[in-house]
Amino acid sequence: MSRPHPLSAMKEWEWSQAWDQQQEIVDRLKAKRGSWLPNIVEKRPWGAVRWTSGRPAHAATSGQAVPETFAVLRPGVNDQPLRDRVAEVLGQPAPLFQVVGVGLRRHQLVPAIAGAVIGAVLLVVLALMLGLGVVGAVVGALVGLVGGAVGGAALGQYLFDRERDAVLKEGERVRVVTGRYAPTSWSRLVDATTGLETAATATADDQTASAVQTALWEAAGLLLRSSDHTGVEVLADGMERLAQAHRGISGGR
């Protein structure tokens with residue numbers, strides 16, 4: 001994949017570099033990629049977007065990307081750590097390696113190792129206390145290793161998901177729109193705002209930036225609260241007119 005998605009504000013070399021990194025992971029995982037999809041998280045002045053390539057079976061060769069998730073920040077939020085955190089939790093980390101066909105990720109690995117050690121020690125001690133002898137201790141160690149590793153990995157995934165949800169489901173400062181369920185009017189709105197954020201229109205003033213942020217925030221709220229998309233269409237129309245006006249100003253200079 002060499003060309004950015006039409007809704008992306010990334011330059012072609014930025015997109016290619018990010019995509020090449022994802023394809024290296026695809027090559028490393030080969031056919032055993034589990035449920036993981038190559039993805040690029042793009043920071044935007046109004047939030048962040050996660051792009052995915054499509055189904056894993058043809059991820060490396062399809063050259064297709066879809067805007068899977070949009071995270072929109074509330075207007076006036078200047079919390080840089082929050083901005084960084086939103087982009088961070090949007091990313092879907094690839095498995096580091098496979099164990100019995102199951103991909104283990106970094107946030108699962110450390111808890112799995114700790115759980116395996118603790119489980120083995122506890123069951124060995126229990127077996128000795130019950131007088132089961134060496135055989136019982138060995139069996140206990142094996143069961144503890146497996147059970148502790150599974151439990152630790154599950155705990156690590158739970159904590160990871162909870163932390164992600166705490167950021168993306170906050171509601172007061174972040175609104176999340178799922179791309180595949182969003183109407184065409186949302187794509188039109190993002191397309192118009194993308195035109196205002198590209199290098200050709202980098203002269204957009206603070207008032208324009210505020211208008212972009214407000215339009216996306218309000219549109220995200222409408223999508224999350226109602227099945228009536230009329231308001232989103234109105235916002236898309238207004239932002240398209242603003243983008244056209246800026247193109248006219250830029251062309252006249």
# chains A, B, ... in the order shown; residues from 1 in each chain; ligands from 1
>>> residues_around(residues="Arg105 of chain A", least_positions_apart="5", cutoff="8 Å", atoms="only C-alpha atoms", output="ChimeraX atom specification")
/A:93-97
>>> residues_around(residues="segment 42-45 of chain A", least_positions_apart="2", cutoff="10 Å", atoms="only C-alpha atoms", output="PyMOL selection string")
chain A and resi 8-10+14-15+18+39-40+47-51+70-73+83-84+86-88+90-91+194+197+209-210+212-213
>>> select_by_dssp(residues="segment 159-229 of chain A", states="strand (DSSP E)", output="MDAnalysis selection string")
chainID A and resid 174:178
>>> write_last_selection(atoms="all heavy atoms", output="mmCIF file, in the first residue's frame")
data_model
loop_
_atom_site.group_PDB
_atom_site.id
_atom_site.type_symbol
_atom_site.label_atom_id
_atom_site.label_comp_id
_atom_site.auth_asym_id
_atom_site.auth_seq_id
_atom_site.Cartn_x
_atom_site.Cartn_y
_atom_site.Cartn_z
ATOM 1 N N VAL A 174 -14.201 12.465 25.204
ATOM 2 C CA VAL A 174 -13.904 11.663 24.015
ATOM 3 C C VAL A 174 -15.187 11.003 23.515
ATOM 4 O O VAL A 174 -15.944 10.437 24.293
ATOM 5 C CB VAL A 174 -12.857 10.566 24.322
ATOM 6 C CG1 VAL A 174 -12.520 9.782 23.053
ATOM 7 C CG2 VAL A 174 -11.600 11.151 24.932
ATOM 8 N N ARG A 175 -15.411 11.101 22.209
ATOM 9 C CA ARG A 175 -16.516 10.390 21.574
ATOM 10 C C ARG A 175 -15.940 9.521 20.465
ATOM 11 O O ARG A 175 -15.115 9.984 19.683
ATOM 12 C CB ARG A 175 -17.539 11.373 21.001
ATOM 13 C CG ARG A 175 -18.377 12.066 22.066
ATOM 14 C CD ARG A 175 -19.290 13.127 21.484
ATOM 15 N NE ARG A 175 -20.128 13.726 22.516
ATOM 16 C CZ ARG A 175 -20.883 14.813 22.343
ATOM 17 N NH1 ARG A 175 -20.908 15.418 21.163
ATOM 18 N NH2 ARG A 175 -21.604 15.288 23.343
ATOM 19 N N VAL A 176 -16.405 8.277 20.395
ATOM 20 C CA VAL A 176 -15.849 7.308 19.447
ATOM 21 C C VAL A 176 -16.914 6.917 18.430
ATOM 22 O O VAL A 176 -18.023 6.528 18.793
ATOM 23 C CB VAL A 176 -15.330 6.052 20.182
ATOM 24 C CG1 VAL A 176 -14.840 5.022 19.177
ATOM 25 C CG2 VAL A 176 -14.207 6.434 21.140
ATOM 26 N N VAL A 177 -16.562 7.020 17.162
ATOM 27 C CA VAL A 177 -17.451 6.636 16.054
ATOM 28 C C VAL A 177 -16.832 5.439 15.346
ATOM 29 O O VAL A 177 -15.652 5.474 14.971
ATOM 30 C CB VAL A 177 -17.635 7.797 15.064
ATOM 31 C CG1 VAL A 177 -18.442 7.341 13.847
ATOM 32 C CG2 VAL A 177 -18.313 8.979 15.741
ATOM 33 N N THR A 178 -17.624 4.379 15.167
ATOM 34 C CA THR A 178 -17.150 3.197 14.446
ATOM 35 C C THR A 178 -17.369 3.402 12.959
ATOM 36 O O THR A 178 -18.509 3.599 12.524
ATOM 37 C CB THR A 178 -17.889 1.938 14.927
ATOM 38 O OG1 THR A 178 -17.721 1.804 16.335
ATOM 39 C CG2 THR A 178 -17.339 0.694 14.239
#
>>> residues_around(residues="Ala114 of chain A", least_positions_apart="6", cutoff="9 Å", atoms="only C-alpha atoms", output="list in words")
Gly148, Ala149 and Gly152 of chain A
>>> select_by_dssp(residues="segment 8-253 of chain A", states="helix (DSSP H, G or I)", output="PyMOL selection string")
chain A and resi 12-29+56-62+80-90+106-129+133-168+179-181+184-197+199-201+206-225+230-251
>>> closest_residue(among="A:Asp206, A:Val146, A:His107, A:Pro38", to="Gln21 of chain A", atoms="only C-alpha atoms")
A:Pro38
>>> atom_distance(atom1="atom CA of Arg162 of chain A", atom2="atom CA of Gln108 of chain A")
13.5 Å
>>> atom_distance(atom1="atom CA of Leu82 of chain A", atom2="atom CA of Val167 of chain A")
8.2 Å
